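Shown next, in structure tokens, is the structure this report addresses.
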Amino acid sequence: MGSTLLAITIGDVAGIGPEVIVRALDSAEFPRGAVPLVIGSLPVLQRAAALVGSPLLFRRIEMAADGTGLRGRVSDVWSAGEIPVCDPCGPDVAEAPAGVISAAAGDAAYRCLIHAVELAQARAVDAIVTAPLNKESLHLAGHHYPG
């Protein structure tokens with residue numbers, strides 16, 4: 001692929017993370033040498049794109065647990081003009097209300113971050129970018145990390 005593959009975690013699905021990601025990806029300032037892989041809820045990203053009036057299209061990609069073949073699938077989706085998304089969140093998180101602290105949002109943020117770390121450890125991605133997390137939501141979900 002020759003480009004830097006960025007695993008971009010969605011952060012707290014009830015927070016500003018999804019909108020920040022959409023605006024960054026839709027910006028002319030997004031680095032030309034970077035290829036994004038958003039790790040987060042596909043429905044939440046689609047809702048954020050509609051909210052900010054972005055024309056971005058997102059496509060869910062499946063991958064092996066160790067990231068085997070990931071670069072090729074991401075490259076194919078990116079080359080087609082769409083944003084590749086890996087969604088480890090589960091269906092319930094799409095209904096998490098915006099601006100509300102919840103265990104569901106905290107658990108989804110945790111799962112996205114862990115997935116990104118695993119991909120980085122397997123050298124399937126080159127770097128991780130994280131959107132804002134809500135520590136209270138993480139704690140409600142039983143994930144007690146200082147941040």
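Each chain in the structure tokens gets a letter, A, B and so on, in the order shown; residues start at 1 in every chain, and ligands are counted from 1 in the order they appear.
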
Can you pull out every residue from stretch 9-141 of chain A that DSSP, working from the backbone, puts in helix (DSSP H, G or I), and format the result as number ranges by chain?
A: 17-25, 42-52, 70-79, 91-95, 103-121, 135-140

Give me the residues of stretch 13-58 of chain A that have any atom at most 8 Å from an atom of stretch 99-113 of chain A; for each, the nearest atom pair and the distance in Å, rounded to one decimal. Use only C-alpha atoms, sort by chain and number, and format it as a tab-separated table.
```
residue	atom	partner	partner_atom	distance
A:Val13	CA	A:Ala105	CA	5.7
A:Ala14	CA	A:Gly99	CA	5.3
A:Gly15	CA	A:Gly99	CA	5.7
A:Ile39	CA	A:Cys112	CA	5.7
A:Gly40	CA	A:Cys112	CA	6.0
```

Take the residues from that selection and write them out as a PDB file, in the first residue's frame, keeping N, CA and C atoms.
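The new file selection.pdb reads:
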```
ATOM      1  N   VAL A  13     -19.045   6.967  21.919  1.00  0.00           N
ATOM      2  CA  VAL A  13     -20.067   7.111  20.874  1.00  0.00           C
ATOM      3  C   VAL A  13     -21.115   8.158  21.223  1.00  0.00           C
ATOM      4  N   ALA A  14     -21.246   8.483  22.498  1.00  0.00           N
ATOM      5  CA  ALA A  14     -22.216   9.489  22.925  1.00  0.00           C
ATOM      6  C   ALA A  14     -21.589  10.877  23.011  1.00  0.00           C
ATOM      7  N   GLY A  15     -20.308  10.965  22.705  1.00  0.00           N
ATOM      8  CA  GLY A  15     -19.591  12.239  22.797  1.00  0.00           C
ATOM      9  C   GLY A  15     -19.316  12.850  21.434  1.00  0.00           C
ATOM     10  N   ILE A  39     -12.295   2.552  13.622  1.00  0.00           N
ATOM     11  CA  ILE A  39     -12.729   1.447  14.466  1.00  0.00           C
ATOM     12  C   ILE A  39     -13.827   1.986  15.363  1.00  0.00           C
ATOM     13  N   GLY A  40     -15.061   1.604  15.030  1.00  0.00           N
ATOM     14  CA  GLY A  40     -16.201   2.123  15.766  1.00  0.00           C
ATOM     15  C   GLY A  40     -17.511   1.687  15.153  1.00  0.00           C
TER      16      GLY A  40
END
```

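For the set A:Ala7, A:Ile61, A:Leu133, A:Ala94, the residue with the smallest atom-to-atom gap to A:Gln121 is A:Ala7, counting only C-alpha atoms.
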
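Those residues in stretch 76-122 of chain A carrying a DSSP assignment of strand (DSSP E), computed from the backbone, are Ile83, Pro84, Val85 and Cys86 of chain A.
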
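With only C-alpha atoms as the atoms that count, the residue of A:Leu51, A:Gly72, A:Asp92, A:Gly142 with the shortest distance to A:Pro18 is A:Leu51.
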
Considering only C-alpha atoms, tabulate each residue of stretch 4-53 of chain A that lies at most 9 Å from stretch 81-84 of chain A along with its nearest interatomic pair and the corresponding distance in Å to one decimal; arrange the rows by chain and ascending residue number and present them as a Markdown table.
```
| residue | atom | partner | partner_atom | distance |
| --- | --- | --- | --- | --- |
| A:Leu25 | CA | A:Ile83 | CA | 8.5 |
| A:Val35 | CA | A:Ile83 | CA | 8.9 |
| A:Pro36 | CA | A:Ile83 | CA | 7.0 |
| A:Leu37 | CA | A:Pro84 | CA | 5.3 |
| A:Val38 | CA | A:Pro84 | CA | 6.3 |
| A:Ile39 | CA | A:Pro84 | CA | 8.7 |
```

Using only C-alpha atoms, the shortest atom-to-atom distance to A:Ala98 among A:Ala120, A:Ile114, A:Ala80, A:Ala48 belongs to A:Ala48

Using only C-alpha atoms, which residues sit within 6 Å of A:Gly17 once same-chain residues fewer than 6 positions away are excluded, as number ranges by chain?
A: 10-11, 131-132

Please produce a file of those selected residues containing C-alpha atoms, as a JSON list (two decimals), in the first residue's frame.
```
[["chain", "number", "residue", "atom", "x", "y", "z"],
["A", 10, "ILE", "CA", -14.33, 6.40, 17.57],
["A", 11, "GLY", "CA", -13.97, 7.29, 21.25],
["A", 131, "ALA", "CA", -11.02, 10.23, 19.69],
["A", 132, "PRO", "CA", -11.98, 11.50, 23.16]]
```

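If you look at atom CA of A:Val117 and atom CA of A:Gln46, they are 23.9 Å away from each other.
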
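Considering only C-alpha atoms, the residue among A:Asp12, A:Cys86, A:His144, A:Val20 positioned nearest to A:Ala64 is A:Cys86.
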